[in-house]
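Asker: Got a file for you: structure_24.csv, CSV, C-alpha atoms.
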```csv
chain,number,residue,atom,x,y,z
W,1,MET,CA,40.4,59.7,-32.6
W,2,LEU,CA,40.2,56.1,-31.4
W,3,ALA,CA,37.5,53.7,-32.8
W,4,PRO,CA,34.8,52.9,-30.2
W,5,GLU,CA,36.1,49.3,-29.6
W,6,ASN,CA,39.6,50.6,-28.9
W,7,GLN,CA,38.5,53.2,-26.3
W,8,PRO,CA,39.4,52.3,-22.7
W,9,ASN,CA,36.5,50.8,-20.8
W,10,ASP,CA,36.4,51.1,-17.0
W,11,ASP,CA,34.0,48.1,-16.7
W,12,TYR,CA,36.4,45.8,-18.4
W,13,GLU,CA,37.4,42.8,-16.3
W,14,PRO,CA,39.8,40.2,-17.9
W,15,VAL,CA,38.6,36.6,-17.8
W,16,THR,CA,40.9,34.9,-15.5
W,17,GLY,CA,39.1,31.4,-15.5
W,18,LEU,CA,39.2,28.7,-12.8
W,19,ASP,CA,42.4,26.9,-11.8
W,20,GLN,CA,42.6,23.2,-12.6
W,21,GLU,CA,42.1,22.1,-9.0
W,22,THR,CA,38.8,24.0,-8.6
W,23,ILE,CA,37.6,22.7,-12.0
W,24,ALA,CA,38.4,19.1,-10.9
W,25,CYS,CA,36.6,19.7,-7.6
W,26,VAL,CA,33.4,21.1,-9.3
W,27,ARG,CA,33.4,18.2,-11.8
W,28,ALA,CA,33.7,15.7,-8.9
W,29,CYS,CA,30.8,17.3,-7.1
W,30,GLU,CA,28.7,17.4,-10.2
W,31,SER,CA,29.5,13.8,-10.9
W,32,GLU,CA,28.6,12.8,-7.4
W,33,ALA,CA,25.3,14.7,-7.5
W,34,ALA,CA,24.4,13.1,-10.9
W,35,ALA,CA,25.2,9.6,-9.5
W,36,LYS,CA,23.0,10.3,-6.4
W,37,THR,CA,20.1,11.6,-8.6
W,38,ALA,CA,20.4,8.5,-10.9
W,39,SER,CA,20.4,6.2,-7.8
W,40,ASP,CA,17.5,8.0,-6.3
W,41,TYR,CA,15.4,7.6,-9.4
W,42,GLU,CA,16.3,3.9,-9.6
W,43,HIS,CA,15.0,3.5,-6.0
W,44,ILE,CA,11.8,5.5,-6.8
W,45,VAL,CA,11.1,3.4,-9.8
W,46,TRP,CA,11.5,0.2,-7.8
W,47,ALA,CA,9.3,1.5,-4.9
W,48,TYR,CA,6.5,2.8,-7.1
W,49,GLY,CA,6.7,-0.3,-9.3
W,50,VAL,CA,6.3,-2.6,-6.3
W,51,ILE,CA,3.3,-0.8,-5.0
W,52,TRP,CA,1.4,-0.8,-8.3
W,53,SER,CA,2.4,-4.4,-9.0
W,54,LEU,CA,1.1,-5.6,-5.7
W,55,PHE,CA,-2.3,-3.9,-6.3
W,56,ALA,CA,-2.4,-5.2,-9.9
W,57,ILE,CA,-1.6,-8.8,-8.8
W,58,TYR,CA,-4.3,-8.7,-6.1
W,59,GLY,CA,-6.7,-7.3,-8.7
W,60,VAL,CA,-5.9,-10.2,-11.0
W,61,LEU,CA,-6.5,-12.7,-8.2
W,62,LEU,CA,-9.9,-11.1,-7.5
W,63,TRP,CA,-10.8,-11.2,-11.2
W,64,ARG,CA,-9.9,-14.9,-11.3
W,65,ARG,CA,-12.1,-15.6,-8.3
W,66,ALA,CA,-15.0,-13.7,-9.9
W,67,THR,CA,-14.6,-15.8,-13.0
W,68,ARG,CA,-14.7,-19.0,-10.9
W,69,HIS,CA,-17.9,-17.7,-9.2
W,70,ASN,CA,-19.5,-17.1,-12.6
W,71,VAL,CA,-18.7,-20.7,-13.7
W,72,GLU,CA,-20.1,-22.1,-10.4
W,73,VAL,CA,-23.3,-20.1,-10.7
W,74,ALA,CA,-23.8,-21.3,-14.3
W,75,ASP,CA,-23.2,-24.9,-13.1
W,76,LEU,CA,-25.7,-24.4,-10.3
W,77,GLN,CA,-28.3,-23.1,-12.8
W,78,ARG,CA,-27.7,-26.0,-15.1
W,79,ARG,CA,-28.3,-28.5,-12.2
W,80,LEU,CA,-31.5,-26.7,-11.2
W,81,SER,CA,-32.9,-26.7,-14.7
W,82,ALA,CA,-32.0,-30.4,-15.3
V,1,MET,CA,-25.4,0.9,-6.6
V,2,LYS,CA,-23.4,-1.8,-4.8
V,3,ASN,CA,-21.7,-2.8,-8.1
V,4,PHE,CA,-21.2,0.8,-9.1
V,5,LEU,CA,-19.3,1.9,-6.0
V,6,PRO,CA,-16.0,-0.1,-6.5
V,7,ILE,CA,-16.0,0.9,-10.2
V,8,ALA,CA,-16.5,4.6,-9.2
V,9,PHE,CA,-13.7,4.4,-6.6
V,10,LEU,CA,-11.3,2.7,-9.1
V,11,GLY,CA,-12.2,5.3,-11.8
V,12,ALA,CA,-11.6,8.2,-9.4
V,13,ALA,CA,-8.3,6.6,-8.3
V,14,ALA,CA,-7.2,6.1,-11.9
V,15,LEU,CA,-7.7,9.8,-12.5
V,16,ILE,CA,-6.0,11.0,-9.3
V,17,PHE,CA,-2.9,8.7,-9.6
V,18,PRO,CA,-1.3,10.3,-12.7
V,19,THR,CA,-2.0,13.9,-11.4
V,20,THR,CA,-0.5,12.9,-8.0
V,21,VAL,CA,2.7,11.6,-9.7
V,22,ALA,CA,2.9,14.7,-11.8
V,23,THR,CA,2.5,16.9,-8.7
V,24,ILE,CA,5.2,14.9,-6.8
V,25,PHE,CA,7.8,15.1,-9.5
V,26,LEU,CA,7.0,18.5,-11.1
V,27,GLU,CA,5.7,20.7,-8.3
V,28,THR,CA,6.8,19.4,-5.0
V,29,PRO,CA,10.3,20.7,-3.9
V,30,ILE,CA,13.2,18.3,-3.5
V,31,GLU,CA,13.8,17.6,0.2
V,32,ALA,CA,17.1,19.2,1.3
V,33,GLN,CA,18.7,16.4,3.3
V,34,MET,CA,17.5,13.2,1.5
V,35,GLY,CA,17.3,14.5,-2.1
V,36,THR,CA,15.0,13.1,-4.8
V,37,VAL,CA,14.6,9.7,-3.1
V,38,GLN,CA,12.4,11.3,-0.4
V,39,LYS,CA,9.6,11.2,-3.0
V,40,ILE,CA,9.1,7.5,-2.0
V,41,PHE,CA,7.5,9.1,1.1
V,42,TYR,CA,4.4,10.2,-0.8
V,43,PHE,CA,3.3,6.6,-1.3
V,44,HIS,CA,5.1,4.8,1.5
V,45,VAL,CA,3.5,6.7,4.4
V,46,PRO,CA,-0.1,6.7,3.1
V,47,LEU,CA,0.2,3.0,2.4
V,48,ALA,CA,1.4,2.5,6.1
V,49,TRP,CA,-1.6,4.5,7.4
V,50,ILE,CA,-4.0,2.4,5.2
V,51,MET,CA,-2.4,-0.8,6.4
V,52,MET,CA,-2.9,0.2,10.0
V,53,LEU,CA,-6.5,1.3,9.3
V,54,LEU,CA,-7.3,-2.0,7.6
V,55,ALA,CA,-5.8,-4.0,10.5
V,56,VAL,CA,-8.1,-2.1,12.9
V,57,VAL,CA,-11.1,-2.7,10.6
V,58,CYS,CA,-10.2,-6.4,10.5
V,59,GLY,CA,-9.9,-6.7,14.3
V,60,VAL,CA,-13.2,-4.9,14.9
V,61,ALA,CA,-15.0,-7.0,12.3
V,62,ALA,CA,-13.5,-10.1,13.8
V,63,GLY,CA,-14.8,-9.0,17.2
V,64,ILE,CA,-18.3,-8.5,15.9
V,65,GLN,CA,-18.1,-11.9,14.1
V,66,LEU,CA,-17.2,-13.6,17.4
V,67,ARG,CA,-19.9,-11.8,19.4
V,68,ARG,CA,-22.8,-11.9,16.9
V,69,ASP,CA,-21.8,-14.7,14.6
V,70,SER,CA,-22.3,-12.2,11.7
V,71,LYS,CA,-21.4,-13.5,8.2
V,72,ARG,CA,-21.1,-9.9,6.9
V,73,ALA,CA,-18.6,-9.0,9.6
V,74,GLU,CA,-16.7,-12.2,8.8
V,75,ALA,CA,-16.5,-11.3,5.2
V,76,VAL,CA,-15.2,-7.8,6.0
V,77,SER,CA,-12.6,-9.3,8.3
V,78,ILE,CA,-11.4,-11.7,5.6
V,79,ALA,CA,-11.2,-8.9,3.0
V,80,ALA,CA,-9.5,-6.5,5.3
V,81,ALA,CA,-6.9,-9.1,6.3
V,82,GLU,CA,-6.0,-9.9,2.7
V,83,LEU,CA,-5.6,-6.2,2.0
V,84,VAL,CA,-3.4,-5.8,5.1
V,85,LEU,CA,-1.1,-8.4,3.5
V,86,VAL,CA,-1.1,-6.4,0.2
V,87,THR,CA,-0.5,-3.0,1.7
V,88,GLY,CA,1.8,-4.3,4.4
V,89,LEU,CA,4.0,-6.0,1.8
V,90,GLY,CA,4.1,-2.7,0.0
V,91,VAL,CA,5.2,-0.9,3.1
V,92,LEU,CA,7.8,-3.6,4.0
V,93,ILE,CA,9.3,-3.4,0.6
V,94,THR,CA,9.2,0.4,-0.1
V,95,GLY,CA,10.5,1.2,3.4
V,96,PRO,CA,13.8,-0.8,3.0
V,97,ILE,CA,14.2,0.6,-0.6
V,98,TRP,CA,14.0,4.1,0.9
V,99,GLY,CA,16.2,3.1,3.9
V,100,HIS,CA,18.8,1.7,1.5
V,101,ALA,CA,19.1,5.0,-0.2
V,102,THR,CA,19.0,7.3,2.9
V,103,TRP,CA,20.4,5.3,5.8
V,104,GLY,CA,22.7,3.1,3.7
V,105,LYS,CA,21.0,0.0,5.1
V,106,ALA,CA,17.7,-1.5,4.0
V,107,TRP,CA,16.8,-3.1,7.4
V,108,THR,CA,18.0,-1.7,10.7
V,109,TRP,CA,15.8,-3.9,13.0
V,110,ASP,CA,14.3,-0.7,14.5
V,111,ALA,CA,11.1,-1.0,16.6
V,112,ARG,CA,8.8,0.3,13.9
V,113,GLN,CA,10.2,-2.1,11.3
V,114,VAL,CA,10.0,-5.1,13.6
V,115,SER,CA,6.4,-4.3,14.8
V,116,THR,CA,5.3,-3.8,11.2
V,117,GLY,CA,6.9,-7.1,10.2
V,118,LEU,CA,5.1,-8.8,13.1
V,119,LEU,CA,1.7,-7.3,12.1
V,120,TRP,CA,2.2,-8.7,8.6
V,121,LEU,CA,3.1,-12.1,10.0
V,122,ILE,CA,0.0,-12.1,12.2
V,123,PHE,CA,-2.3,-11.4,9.3
V,124,ALA,CA,-0.4,-13.9,7.1
V,125,ALA,CA,-1.2,-16.5,9.9
V,126,TYR,CA,-4.9,-15.3,9.9
V,127,VAL,CA,-5.2,-15.8,6.1
V,128,LEU,CA,-3.5,-19.2,6.3
V,129,VAL,CA,-5.8,-20.4,9.1
V,130,ARG,CA,-8.9,-19.1,7.2
V,131,HIS,CA,-7.7,-20.9,4.1
V,132,TYR,CA,-6.4,-24.2,5.5
V,133,GLY,CA,-8.0,-24.5,8.9
V,134,ALA,CA,-10.5,-27.2,9.8
V,135,ALA,CA,-14.2,-26.5,10.8
V,136,GLY,CA,-14.3,-24.1,13.8
V,137,SER,CA,-10.9,-22.5,13.0
V,138,GLU,CA,-12.7,-19.3,12.0
V,139,ARG,CA,-12.9,-18.4,15.7
V,140,LEU,CA,-9.2,-19.0,16.2
V,141,ALA,CA,-8.6,-16.8,13.1
V,142,ALA,CA,-10.8,-14.1,14.5
V,143,GLY,CA,-8.7,-14.1,17.7
V,144,LEU,CA,-5.6,-13.7,15.6
V,145,ALA,CA,-7.1,-10.7,13.9
V,146,ILE,CA,-7.9,-9.0,17.2
V,147,PHE,CA,-4.4,-9.7,18.4
V,148,GLY,CA,-3.1,-8.2,15.1
V,149,ALA,CA,-5.2,-5.0,15.6
V,150,ILE,CA,-3.6,-4.6,19.1
V,151,ASP,CA,-0.2,-4.3,17.3
V,152,VAL,CA,-1.3,-1.1,15.5
V,153,PRO,CA,-0.8,1.3,18.4
V,154,ILE,CA,2.5,-0.4,19.1
V,155,ILE,CA,3.6,0.4,15.5
V,156,TYR,CA,2.4,4.0,16.0
V,157,TYR,CA,4.1,4.6,19.4
V,158,ALA,CA,7.2,2.6,18.6
V,159,VAL,CA,9.1,5.7,17.6
V,160,LYS,CA,8.2,7.4,20.9
V,161,ILE,CA,8.9,4.4,23.2
V,162,TRP,CA,12.1,3.1,21.7
V,163,LYS,CA,15.1,4.8,20.1
V,164,THR,CA,14.6,4.2,16.3
V,165,THR,CA,16.1,5.2,13.0
V,166,HIS,CA,12.5,6.0,11.8
V,167,PRO,CA,11.6,9.7,12.1
V,168,SER,CA,9.1,10.7,14.8
V,169,ASN,CA,5.4,10.9,14.3
V,170,ASP,CA,5.6,14.7,14.3
V,171,VAL,CA,7.2,14.8,10.8
V,172,ALA,CA,3.8,14.7,9.1
V,173,GLY,CA,2.6,17.7,11.1
V,174,SER,CA,5.7,19.8,10.3
V,175,LEU,CA,5.5,19.2,6.5
V,176,PRO,CA,5.3,22.4,4.4
V,177,GLU,CA,2.0,23.0,2.5
V,178,SER,CA,3.7,22.2,-0.9
V,179,MET,CA,4.4,18.6,0.4
V,180,TRP,CA,0.9,18.1,1.8
V,181,ALA,CA,-0.4,19.1,-1.6
V,182,ALA,CA,1.1,15.9,-3.0
V,183,LEU,CA,0.5,13.7,0.1
V,184,TRP,CA,-3.3,14.3,0.2
V,185,PRO,CA,-4.0,13.1,-3.3
V,186,ALA,CA,-1.6,10.1,-2.9
V,187,LEU,CA,-3.5,9.2,0.3
V,188,ILE,CA,-6.9,9.6,-1.4
V,189,ALA,CA,-5.9,7.6,-4.5
V,190,LEU,CA,-4.5,4.7,-2.4
V,191,LEU,CA,-7.5,4.8,0.0
V,192,LEU,CA,-10.0,4.7,-2.9
V,193,THR,CA,-8.1,1.8,-4.6
V,194,SER,CA,-8.0,-0.2,-1.3
V,195,LEU,CA,-11.7,0.6,-0.5
V,196,ALA,CA,-12.7,-0.6,-4.0
V,197,LEU,CA,-10.8,-3.9,-3.6
V,198,LEU,CA,-12.2,-4.3,-0.1
V,199,LEU,CA,-15.8,-4.0,-1.4
V,200,ILE,CA,-15.2,-6.4,-4.2
V,201,ARG,CA,-13.6,-9.0,-1.9
V,202,VAL,CA,-16.4,-8.6,0.7
V,203,ARG,CA,-19.0,-9.3,-2.0
V,204,GLN,CA,-17.0,-12.3,-3.3
V,205,GLU,CA,-16.9,-13.7,0.2
V,206,LEU,CA,-20.7,-13.3,0.7
V,207,THR,CA,-21.2,-14.9,-2.8
V,208,ASP,CA,-19.0,-17.9,-1.6
V,209,VAL,CA,-21.2,-18.3,1.4
V,210,ALA,CA,-24.4,-18.1,-0.7
V,211,LEU,CA,-23.1,-20.6,-3.2
V,212,ASP,CA,-22.1,-23.1,-0.5
V,213,GLU,CA,-25.6,-22.8,1.0
V,214,ALA,CA,-27.2,-23.2,-2.5
V,215,TRP,CA,-25.1,-26.4,-3.1
V,216,ILE,CA,-26.1,-27.9,0.3
V,217,ALA,CA,-29.8,-27.1,-0.3
V,218,LEU,CA,-29.6,-28.7,-3.8
V,219,ASP,CA,-27.9,-31.8,-2.4
V,220,ASP,CA,-30.5,-32.0,0.4
V,221,ALA,CA,-33.3,-31.7,-2.1
V,222,ALA,CA,-31.8,-34.4,-4.3
V,223,LEU,CA,-31.5,-36.9,-1.4
V,224,PRO,CA,-34.6,-39.2,-1.0
V,225,ALA,CA,-36.7,-38.5,2.1
V,226,PRO,CA,-36.2,-41.1,5.0
V,227,GLY,CA,-39.7,-42.6,4.3
V,228,ASP,CA,-39.0,-43.2,0.7
V,229,VAL,CA,-36.1,-45.6,1.3
```
Could you write out this structure as structure tokens?
Answerer:
Amino acid sequence: MLAPENQPNDDYEPVTGLDQETIACVRACESEAAAKTASDYEHIVWAYGVIWSLFAIYGVLLWRRATRHNVEVADLQRRLSA
Amino acid sequence: MKNFLPIAFLGAAALIFPTTVATIFLETPIEAQMGTVQKIFYFHVPLAWIMMLLAVVCGVAAGIQLRRDSKRAEAVSIAAAELVLVTGLGVLITGPIWGHATWGKAWTWDARQVSTGLLWLIFAAYVLVRHYGAAGSERLAAGLAIFGAIDVPIIYYAVKIWKTTHPSNDVAGSLPESMWAALWPALIALLLTSLALLLIRVRQELTDVALDEAWIALDDAALPAPGDV
């Protein structure tokens, strides 16, 4: 009697693997997709960065203007009390 | 209450922004033709809508300023024009970044790009005239703002009238629900931020006017009366 691992198996399919040409083609596609994704993320970071930087810069300009107003109001109050 | 509103808007925007970005990158599907770079759309398009809305607000406020000589309308017009420059610059930079990745060319001189560029230049002229113009130039600036607002429908219909590389206006309507789920919060967050900055700038402009009047009144009070000389 044969050991279980030596018994013939109808489901058995030998691994044949991919030929070198297909492997090279798949690798090329994967590499192109990875490069596209990396480039896409670079573009996204720039775009999002630009939007938030613009709002932040305008916010800083408004804050500086508010500071100038406070100085001017204090100056006016000093003149009035003098 | 007036001081609280901009802070409330900015606070709400600060909460919505991170969740919007998380939704865009973790939940929204990757667009089949353009790939990941299409995610620029979720901020580029709402920013363009806000830019056009602010240009119309500026034009209407300038019209009221000319007709009723209203200082409040003038302040709204100035604040809206500055924000058109901020949002417009955002649109004009993010658009070419997206175009560079999808069309292979940042600037194609298509009608929507050119009309948006013109809108930005008109409002840049408005801000420069307001800043450096002589007395009376505020009426010329108001005219420029109205002229700029007329450019808004041209931007909107540019893709219908001319053959452009920009997609048609129907794209937004045909978006799947999963993409709208990211577009709405992005629009609300940008709108709240813009509205907060607009309110702050309007108040600053009104403060400027009040301070000018206070200085003039103080100088007048300090001058000796004609009979005293």
Asker: In Å, how far is it from atom CA of V:Ala101 to atom CA of V:Ile40?
Answerer: 10.5 Å
Asker: Just give me the gap between atom CA of V:Phe123 and atom CA of W:Ala66 in Å, one decimal is fine.
Answerer: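 Computing the Euclidean distance for atom CA of V:Phe123 and atom CA of W:Ala66 yields 23.1 Å.
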Asker: Using all atoms listed in the file, find the residues of chain W whose closest atom to chain V is at most 12 Å away, then write them as a PyMOL selection string.
Answerer: chain W and resi 33-82
Asker: Just the selected residues (C-alpha atoms), exported as a JSON list (two decimals), in the coordinates of the input, please.
Answerer:
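Written out: result.json:
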```
[["chain", "number", "residue", "atom", "x", "y", "z"],
["W", 33, "ALA", "CA", 25.30, 14.70, -7.50],
["W", 34, "ALA", "CA", 24.40, 13.10, -10.90],
["W", 35, "ALA", "CA", 25.20, 9.60, -9.50],
["W", 36, "LYS", "CA", 23.00, 10.30, -6.40],
["W", 37, "THR", "CA", 20.10, 11.60, -8.60],
["W", 38, "ALA", "CA", 20.40, 8.50, -10.90],
["W", 39, "SER", "CA", 20.40, 6.20, -7.80],
["W", 40, "ASP", "CA", 17.50, 8.00, -6.30],
["W", 41, "TYR", "CA", 15.40, 7.60, -9.40],
["W", 42, "GLU", "CA", 16.30, 3.90, -9.60],
["W", 43, "HIS", "CA", 15.00, 3.50, -6.00],
["W", 44, "ILE", "CA", 11.80, 5.50, -6.80],
["W", 45, "VAL", "CA", 11.10, 3.40, -9.80],
["W", 46, "TRP", "CA", 11.50, 0.20, -7.80],
["W", 47, "ALA", "CA", 9.30, 1.50, -4.90],
["W", 48, "TYR", "CA", 6.50, 2.80, -7.10],
["W", 49, "GLY", "CA", 6.70, -0.30, -9.30],
["W", 50, "VAL", "CA", 6.30, -2.60, -6.30],
["W", 51, "ILE", "CA", 3.30, -0.80, -5.00],
["W", 52, "TRP", "CA", 1.40, -0.80, -8.30],
["W", 53, "SER", "CA", 2.40, -4.40, -9.00],
["W", 54, "LEU", "CA", 1.10, -5.60, -5.70],
["W", 55, "PHE", "CA", -2.30, -3.90, -6.30],
["W", 56, "ALA", "CA", -2.40, -5.20, -9.90],
["W", 57, "ILE", "CA", -1.60, -8.80, -8.80],
["W", 58, "TYR", "CA", -4.30, -8.70, -6.10],
["W", 59, "GLY", "CA", -6.70, -7.30, -8.70],
["W", 60, "VAL", "CA", -5.90, -10.20, -11.00],
["W", 61, "LEU", "CA", -6.50, -12.70, -8.20],
["W", 62, "LEU", "CA", -9.90, -11.10, -7.50],
["W", 63, "TRP", "CA", -10.80, -11.20, -11.20],
["W", 64, "ARG", "CA", -9.90, -14.90, -11.30],
["W", 65, "ARG", "CA", -12.10, -15.60, -8.30],
["W", 66, "ALA", "CA", -15.00, -13.70, -9.90],
["W", 67, "THR", "CA", -14.60, -15.80, -13.00],
["W", 68, "ARG", "CA", -14.70, -19.00, -10.90],
["W", 69, "HIS", "CA", -17.90, -17.70, -9.20],
["W", 70, "ASN", "CA", -19.50, -17.10, -12.60],
["W", 71, "VAL", "CA", -18.70, -20.70, -13.70],
["W", 72, "GLU", "CA", -20.10, -22.10, -10.40],
["W", 73, "VAL", "CA", -23.30, -20.10, -10.70],
["W", 74, "ALA", "CA", -23.80, -21.30, -14.30],
["W", 75, "ASP", "CA", -23.20, -24.90, -13.10],
["W", 76, "LEU", "CA", -25.70, -24.40, -10.30],
["W", 77, "GLN", "CA", -28.30, -23.10, -12.80],
["W", 78, "ARG", "CA", -27.70, -26.00, -15.10],
["W", 79, "ARG", "CA", -28.30, -28.50, -12.20],
["W", 80, "LEU", "CA", -31.50, -26.70, -11.20],
["W", 81, "SER", "CA", -32.90, -26.70, -14.70],
["W", 82, "ALA", "CA", -32.00, -30.40, -15.30]]
```
Asker: Give me the residues within 12 Å of V:Pro167 as a list of chain:residue names, counting all atoms listed in the file and dropping any in the same chain fewer than 3 places off.
Answerer: V:Phe41, V:Val45, V:Gly99, V:Trp103, V:Asp110, V:Ala111, V:Arg112, V:Gln113, V:Tyr156, V:Tyr157, V:Ala158, V:Val159, V:Lys160, V:Trp162, V:Lys163, V:Thr164, V:Asp170, V:Val171, V:Ala172, V:Ser174
Asker: Would you save the residues from that selection as a compact mmCIF listing (two decimals), keeping the file's coordinate frame, using C-alpha atoms?
Answerer:
```
# COMPACT_ATOMS: atom_id res chain seq x y z
CA PHE V 41 7.50 9.10 1.10
CA VAL V 45 3.50 6.70 4.40
CA GLY V 99 16.20 3.10 3.90
CA TRP V 103 20.40 5.30 5.80
CA ASP V 110 14.30 -0.70 14.50
CA ALA V 111 11.10 -1.00 16.60
CA ARG V 112 8.80 0.30 13.90
CA GLN V 113 10.20 -2.10 11.30
CA TYR V 156 2.40 4.00 16.00
CA TYR V 157 4.10 4.60 19.40
CA ALA V 158 7.20 2.60 18.60
CA VAL V 159 9.10 5.70 17.60
CA LYS V 160 8.20 7.40 20.90
CA TRP V 162 12.10 3.10 21.70
CA LYS V 163 15.10 4.80 20.10
CA THR V 164 14.60 4.20 16.30
CA ASP V 170 5.60 14.70 14.30
CA VAL V 171 7.20 14.80 10.80
CA ALA V 172 3.80 14.70 9.10
CA SER V 174 5.70 19.80 10.30
```
Asker: List the spatial neighbours of stretch 130-132 of chain V as a ChimeraX atom specification - criterion: any atom at most 12 Å away, only C-alpha atoms, same-chain residues fewer than 6 positions off excluded.
Answerer: /V:74-75,77-79,81-82,123-124,138-145,205
Asker: Would you compute the distance between atom CA of V:Ser115 and atom CA of V:Val129? Give it in Å to one decimal.
Answerer: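 It comes out at 21.0 Å.
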Asker: Once N, CA and C atoms are restored for stretch 29-49 of chain W, what would the output be as a PDB file, keeping the file's coordinate frame?
Answerer:
```
ATOM      1  N   CYS W  29      32.069  17.088  -7.745  1.00  0.00           N
ATOM      2  CA  CYS W  29      30.800  17.300  -7.100  1.00  0.00           C
ATOM      3  C   CYS W  29      29.621  17.082  -7.996  1.00  0.00           C
ATOM      4  N   GLU W  30      29.745  17.595  -9.239  1.00  0.00           N
ATOM      5  CA  GLU W  30      28.700  17.400 -10.200  1.00  0.00           C
ATOM      6  C   GLU W  30      28.453  15.924 -10.507  1.00  0.00           C
ATOM      7  N   SER W  31      29.548  15.207 -10.621  1.00  0.00           N
ATOM      8  CA  SER W  31      29.500  13.800 -10.900  1.00  0.00           C
ATOM      9  C   SER W  31      28.808  13.023  -9.763  1.00  0.00           C
ATOM     10  N   GLU W  32      29.161  13.415  -8.545  1.00  0.00           N
ATOM     11  CA  GLU W  32      28.600  12.800  -7.400  1.00  0.00           C
ATOM     12  C   GLU W  32      27.080  13.051  -7.271  1.00  0.00           C
ATOM     13  N   ALA W  33      26.708  14.313  -7.565  1.00  0.00           N
ATOM     14  CA  ALA W  33      25.300  14.700  -7.500  1.00  0.00           C
ATOM     15  C   ALA W  33      24.503  13.952  -8.591  1.00  0.00           C
ATOM     16  N   ALA W  34      25.098  13.812  -9.785  1.00  0.00           N
ATOM     17  CA  ALA W  34      24.400  13.100 -10.900  1.00  0.00           C
ATOM     18  C   ALA W  34      24.224  11.628 -10.519  1.00  0.00           C
ATOM     19  N   ALA W  35      25.270  11.033  -9.905  1.00  0.00           N
ATOM     20  CA  ALA W  35      25.200   9.600  -9.500  1.00  0.00           C
ATOM     21  C   ALA W  35      24.095   9.438  -8.442  1.00  0.00           C
ATOM     22  N   LYS W  36      24.026  10.385  -7.485  1.00  0.00           N
ATOM     23  CA  LYS W  36      23.000  10.300  -6.400  1.00  0.00           C
ATOM     24  C   LYS W  36      21.608  10.434  -7.008  1.00  0.00           C
ATOM     25  N   THR W  37      21.422  11.373  -7.936  1.00  0.00           N
ATOM     26  CA  THR W  37      20.100  11.600  -8.600  1.00  0.00           C
ATOM     27  C   THR W  37      19.704  10.300  -9.333  1.00  0.00           C
ATOM     28  N   ALA W  38      20.654   9.729 -10.086  1.00  0.00           N
ATOM     29  CA  ALA W  38      20.400   8.500 -10.900  1.00  0.00           C
ATOM     30  C   ALA W  38      19.966   7.380  -9.925  1.00  0.00           C
ATOM     31  N   SER W  39      20.722   7.233  -8.826  1.00  0.00           N
ATOM     32  CA  SER W  39      20.400   6.200  -7.800  1.00  0.00           C
ATOM     33  C   SER W  39      19.068   6.411  -7.195  1.00  0.00           C
ATOM     34  N   ASP W  40      18.766   7.686  -6.883  1.00  0.00           N
ATOM     35  CA  ASP W  40      17.500   8.000  -6.300  1.00  0.00           C
ATOM     36  C   ASP W  40      16.331   7.621  -7.198  1.00  0.00           C
ATOM     37  N   TYR W  41      16.462   7.953  -8.486  1.00  0.00           N
ATOM     38  CA  TYR W  41      15.400   7.600  -9.400  1.00  0.00           C
ATOM     39  C   TYR W  41      15.226   6.112  -9.560  1.00  0.00           C
ATOM     40  N   GLU W  42      16.341   5.388  -9.506  1.00  0.00           N
ATOM     41  CA  GLU W  42      16.300   3.900  -9.600  1.00  0.00           C
ATOM     42  C   GLU W  42      15.464   3.368  -8.390  1.00  0.00           C
ATOM     43  N   HIS W  43      15.761   3.910  -7.198  1.00  0.00           N
ATOM     44  CA  HIS W  43      15.000   3.500  -6.000  1.00  0.00           C
ATOM     45  C   HIS W  43      13.550   3.821  -6.102  1.00  0.00           C
ATOM     46  N   ILE W  44      13.251   5.023  -6.632  1.00  0.00           N
ATOM     47  CA  ILE W  44      11.800   5.500  -6.800  1.00  0.00           C
ATOM     48  C   ILE W  44      11.093   4.543  -7.721  1.00  0.00           C
ATOM     49  N   VAL W  45      11.715   4.231  -8.855  1.00  0.00           N
ATOM     50  CA  VAL W  45      11.100   3.400  -9.800  1.00  0.00           C
ATOM     51  C   VAL W  45      10.736   2.002  -9.223  1.00  0.00           C
ATOM     52  N   TRP W  46      11.685   1.459  -8.477  1.00  0.00           N
ATOM     53  CA  TRP W  46      11.500   0.200  -7.800  1.00  0.00           C
ATOM     54  C   TRP W  46      10.299   0.274  -6.808  1.00  0.00           C
ATOM     55  N   ALA W  47      10.346   1.326  -5.978  1.00  0.00           N
ATOM     56  CA  ALA W  47       9.300   1.500  -4.900  1.00  0.00           C
ATOM     57  C   ALA W  47       7.927   1.641  -5.538  1.00  0.00           C
ATOM     58  N   TYR W  48       7.787   2.558  -6.498  1.00  0.00           N
ATOM     59  CA  TYR W  48       6.500   2.800  -7.100  1.00  0.00           C
ATOM     60  C   TYR W  48       6.033   1.542  -7.881  1.00  0.00           C
ATOM     61  N   GLY W  49       6.978   0.903  -8.551  1.00  0.00           N
ATOM     62  CA  GLY W  49       6.700  -0.300  -9.300  1.00  0.00           C
ATOM     63  C   GLY W  49       6.134  -1.409  -8.414  1.00  0.00           C
TER      64      GLY W  49
END
```
